[in-house]
Amino acid sequence: NAEKAVIGTVDSWFASNVGIGTTSPATKLHIAGTTDANIVRIENTGTSLSAGDTIGAIQFFNNDTTDDSPNVAASIYATAGASGGSGQLHFRTKEPGVEGDPALDTMSLLNNGNVGIGTTSPDTKFHINSGGLNLIGIFESTDSLGYVSFKDNSTTSDTSVALGANGDNLTFYTGTASGSERMRIDSSGNVGIGTDDPANPLHVSSSDNILATFESTDAISEIRVKDNTKYTRLLTV
């Protein structure tokens, strides 16, 4: 029979699939176990790590030379935190710009829970740095409506307060269990409050007799209506 494995004092190799916890491994490395037992540990035995030192890594190497020299095309690095304590994860897929060099950081997950895309030092829970690109991100739905919800510790539900897209219109939602559309800016720039079909630059629709209140904290309040040559002042004293 052909040699299947060599285990030596320096290097070891296996010619077939390796199974841990299974006698019929389906992949190059197949680990099987019960709940909480399927754990792979990569241990750094160093006792004096500094911030940024590599604790361990998984690298994905590409030998295809069609577009680039063989290199580490993607990797996941665990690095030490301040004074070597705690840890961070760095996902590397970005093209390095130099043929044959390993991929660079694309996304980072810090020990304080902050996630950074395009930055290795995110200042908030989700921090995106697009560099010179003006379009930073896209939130897309395959439905006729897509929205992003906002919530604090007293917001009724996940859909109470939201900012959305309906076609080429920007829509604003507030409410309780399910937010209702309160305002929209349509594709022509018209703003509708209480209507989803504004006919003018500002279109307010309401079943109340009072459509709007303009208030000043000064002793005099003024509203100006202007055409291309002059304006009319409405004063309250």
# chains A, B, ... in the order shown; residues from 1 in each chain; ligands from 1
call {"tool": "residues_around", "arguments": {"residues": "segment 193-209 of chain A", "least_positions_apart": "4", "cutoff": "7 Å", "atoms": "only C-alpha atoms", "output": "number ranges by chain"}}
result
A: 182-184, 189
call {"tool": "residues_around", "arguments": {"residues": "segment 45-60 of chain A", "least_positions_apart": "2", "cutoff": "8 Å", "atoms": "only C-alpha atoms", "output": "number ranges by chain"}}
result
A: 42-43, 62, 72-85
call {"tool": "write_last_selection", "arguments": {"atoms": "all heavy atoms", "output": "compact mmCIF listing (two decimals), in the first residue's frame"}}
result
# COMPACT_ATOMS: atom_id res chain seq x y z
N ILE A 42 -5.90 27.55 18.72
CA ILE A 42 -4.57 27.95 18.27
C ILE A 42 -3.93 28.70 19.42
O ILE A 42 -4.39 29.77 19.81
CB ILE A 42 -4.64 28.84 17.01
CG1 ILE A 42 -5.31 28.08 15.85
CG2 ILE A 42 -3.25 29.31 16.60
CD1 ILE A 42 -5.51 28.92 14.60
N GLU A 43 -2.89 28.16 19.97
CA GLU A 43 -2.30 28.71 21.20
C GLU A 43 -0.93 29.33 20.93
O GLU A 43 -0.09 28.75 20.23
CB GLU A 43 -2.15 27.60 22.25
CG GLU A 43 -1.55 28.08 23.57
CD GLU A 43 -1.45 26.98 24.60
OE1 GLU A 43 -1.97 25.86 24.34
OE2 GLU A 43 -0.87 27.22 25.67
N ASN A 62 -3.07 31.14 -2.37
CA ASN A 62 -3.49 30.94 -3.75
C ASN A 62 -2.26 30.76 -4.63
O ASN A 62 -1.41 31.65 -4.71
CB ASN A 62 -4.32 32.14 -4.22
CG ASN A 62 -4.89 31.95 -5.61
OD1 ASN A 62 -4.73 30.90 -6.23
ND2 ASN A 62 -5.57 32.97 -6.12
N VAL A 72 -0.69 34.89 -0.13
CA VAL A 72 -1.77 34.69 0.82
C VAL A 72 -2.92 35.59 0.40
O VAL A 72 -2.88 36.80 0.61
CB VAL A 72 -1.32 35.01 2.27
CG1 VAL A 72 -2.48 34.84 3.23
CG2 VAL A 72 -0.15 34.11 2.68
N ALA A 73 -3.94 35.01 -0.23
CA ALA A 73 -5.02 35.79 -0.81
C ALA A 73 -5.99 36.31 0.23
O ALA A 73 -6.62 37.35 0.05
CB ALA A 73 -5.77 34.95 -1.84
N ALA A 74 -6.11 35.59 1.33
CA ALA A 74 -7.00 36.00 2.42
C ALA A 74 -6.52 35.36 3.70
O ALA A 74 -5.88 34.31 3.69
CB ALA A 74 -8.44 35.61 2.12
N SER A 75 -6.83 35.99 4.83
CA SER A 75 -6.39 35.44 6.11
C SER A 75 -7.21 36.03 7.25
O SER A 75 -7.87 37.05 7.09
CB SER A 75 -4.90 35.71 6.35
OG SER A 75 -4.63 37.11 6.32
N ILE A 76 -7.18 35.36 8.38
CA ILE A 76 -7.79 35.84 9.61
C ILE A 76 -6.71 35.84 10.68
O ILE A 76 -6.12 34.80 10.97
CB ILE A 76 -8.96 34.94 10.06
CG1 ILE A 76 -10.02 34.85 8.96
CG2 ILE A 76 -9.59 35.49 11.35
CD1 ILE A 76 -11.11 33.84 9.25
N TYR A 77 -6.42 37.01 11.24
CA TYR A 77 -5.37 37.15 12.23
C TYR A 77 -5.98 37.52 13.59
O TYR A 77 -6.86 38.37 13.67
CB TYR A 77 -4.37 38.25 11.83
CG TYR A 77 -3.25 37.75 10.95
CD1 TYR A 77 -3.47 37.42 9.63
CD2 TYR A 77 -1.96 37.61 11.46
CE1 TYR A 77 -2.45 36.95 8.82
CE2 TYR A 77 -0.91 37.14 10.66
CZ TYR A 77 -1.18 36.82 9.34
OH TYR A 77 -0.14 36.35 8.55
N ALA A 78 -5.49 36.88 14.63
CA ALA A 78 -5.80 37.27 16.00
C ALA A 78 -4.58 37.97 16.55
O ALA A 78 -3.47 37.41 16.54
CB ALA A 78 -6.15 36.06 16.84
N THR A 79 -4.74 39.21 17.01
CA THR A 79 -3.61 39.97 17.52
C THR A 79 -3.86 40.35 18.98
O THR A 79 -5.01 40.46 19.43
CB THR A 79 -3.37 41.25 16.69
OG1 THR A 79 -4.53 42.09 16.76
CG2 THR A 79 -3.08 40.90 15.24
N ALA A 80 -2.78 40.57 19.69
CA ALA A 80 -2.87 40.90 21.12
C ALA A 80 -3.31 42.33 21.33
O ALA A 80 -3.05 43.22 20.52
CB ALA A 80 -1.51 40.66 21.78
N GLY A 81 -3.98 42.55 22.45
CA GLY A 81 -4.40 43.89 22.82
C GLY A 81 -3.30 44.59 23.60
O GLY A 81 -2.13 44.19 23.57
N ALA A 82 -3.68 45.65 24.32
CA ALA A 82 -2.72 46.42 25.09
C ALA A 82 -1.99 45.52 26.09
O ALA A 82 -2.59 44.70 26.77
CB ALA A 82 -3.43 47.55 25.83
N SER A 83 -0.67 45.66 26.15
CA SER A 83 0.18 44.87 27.05
C SER A 83 0.06 43.39 26.81
O SER A 83 0.38 42.57 27.69
CB SER A 83 -0.15 45.19 28.52
OG SER A 83 0.02 46.56 28.79
N GLY A 84 -0.41 43.01 25.63
CA GLY A 84 -0.52 41.59 25.29
C GLY A 84 -1.81 40.96 25.75
O GLY A 84 -2.12 39.83 25.39
N GLY A 85 -2.60 41.67 26.56
CA GLY A 85 -3.83 41.10 27.05
C GLY A 85 -4.96 41.21 26.05
O GLY A 85 -4.88 41.95 25.08
call {"tool": "select_by_dssp", "arguments": {"residues": "segment 63-195 of chain A", "states": "strand (DSSP E or B)", "output": "JSON, numbers by chain"}}
result
{"A": [71, 72, 73, 74, 75, 76, 77, 78, 79, 80, 87, 88, 89, 90, 91, 92, 93, 94, 104, 105, 106, 107, 108, 109, 115, 116, 117, 126, 127, 128, 146, 147, 148, 149, 162, 163, 164, 165, 166, 169, 170, 171, 172, 173, 174, 180, 181, 182, 183, 184, 185, 191, 192, 193]}
call {"tool": "residues_around", "arguments": {"residues": "Leu170 of chain A", "least_positions_apart": "3", "cutoff": "9 Å", "atoms": "only C-alpha atoms", "output": "list in words"}}
result
Leu163, Gly164, Ala165, Asn166, Gly167, Met183, Arg184, Ile185, Asp186 and Ser187 of chain A
call {"tool": "write_last_selection", "arguments": {"atoms": "all heavy atoms", "output": "short mmCIF file (atom, residue, chain, number, x, y, z; two decimals), in the first residue's frame"}}
result
data_model
loop_
_atom_site.label_atom_id
_atom_site.label_comp_id
_atom_site.auth_asym_id
_atom_site.auth_seq_id
_atom_site.Cartn_x
_atom_site.Cartn_y
_atom_site.Cartn_z
N LEU A 163 -35.90 55.17 8.56
CA LEU A 163 -35.58 55.98 7.39
C LEU A 163 -35.50 55.02 6.22
O LEU A 163 -34.79 54.02 6.28
CB LEU A 163 -34.26 56.71 7.60
CG LEU A 163 -33.72 57.57 6.47
CD1 LEU A 163 -34.64 58.76 6.24
CD2 LEU A 163 -32.31 58.05 6.80
N GLY A 164 -36.26 55.29 5.15
CA GLY A 164 -36.35 54.29 4.10
C GLY A 164 -36.26 54.83 2.70
O GLY A 164 -36.20 56.04 2.45
N ALA A 165 -36.25 53.89 1.76
CA ALA A 165 -36.26 54.20 0.33
C ALA A 165 -37.45 53.50 -0.29
O ALA A 165 -37.65 52.29 -0.10
CB ALA A 165 -34.97 53.73 -0.33
N ASN A 166 -38.26 54.26 -1.01
CA ASN A 166 -39.40 53.73 -1.74
C ASN A 166 -39.26 54.23 -3.18
O ASN A 166 -39.57 55.38 -3.47
CB ASN A 166 -40.71 54.20 -1.09
CG ASN A 166 -41.94 53.74 -1.85
OD1 ASN A 166 -42.78 54.54 -2.21
ND2 ASN A 166 -42.06 52.45 -2.08
N GLY A 167 -38.75 53.38 -4.04
CA GLY A 167 -38.38 53.85 -5.37
C GLY A 167 -37.25 54.85 -5.24
O GLY A 167 -36.24 54.59 -4.59
N MET A 183 -43.31 61.60 6.51
CA MET A 183 -42.76 62.59 5.60
C MET A 183 -41.98 61.88 4.52
O MET A 183 -41.42 60.79 4.74
CB MET A 183 -41.84 63.57 6.36
CG MET A 183 -41.31 64.71 5.50
SD MET A 183 -40.32 65.90 6.45
CE MET A 183 -38.78 64.99 6.63
N ARG A 184 -41.94 62.51 3.34
CA ARG A 184 -41.10 61.99 2.27
C ARG A 184 -40.54 63.14 1.44
O ARG A 184 -41.15 64.21 1.35
CB ARG A 184 -41.84 61.00 1.39
CG ARG A 184 -42.82 61.55 0.41
CD ARG A 184 -43.21 60.51 -0.65
NE ARG A 184 -43.56 59.22 -0.08
CZ ARG A 184 -43.62 58.08 -0.79
NH1 ARG A 184 -43.35 58.10 -2.09
NH2 ARG A 184 -43.94 56.94 -0.22
N ILE A 185 -39.40 62.89 0.87
CA ILE A 185 -38.82 63.78 -0.14
C ILE A 185 -38.84 62.98 -1.43
O ILE A 185 -38.18 61.93 -1.53
CB ILE A 185 -37.39 64.20 0.22
CG1 ILE A 185 -37.36 64.88 1.59
CG2 ILE A 185 -36.82 65.14 -0.83
CD1 ILE A 185 -35.96 65.19 2.09
N ASP A 186 -39.62 63.42 -2.40
CA ASP A 186 -39.76 62.62 -3.60
C ASP A 186 -38.61 62.87 -4.57
O ASP A 186 -37.71 63.69 -4.31
CB ASP A 186 -41.13 62.84 -4.25
CG ASP A 186 -41.29 64.22 -4.88
OD1 ASP A 186 -40.30 64.94 -5.05
OD2 ASP A 186 -42.44 64.57 -5.22
N SER A 187 -38.66 62.16 -5.68
CA SER A 187 -37.54 62.19 -6.63
C SER A 187 -37.35 63.55 -7.28
O SER A 187 -36.28 63.86 -7.81
CB SER A 187 -37.74 61.13 -7.71
OG SER A 187 -38.98 61.33 -8.38
#
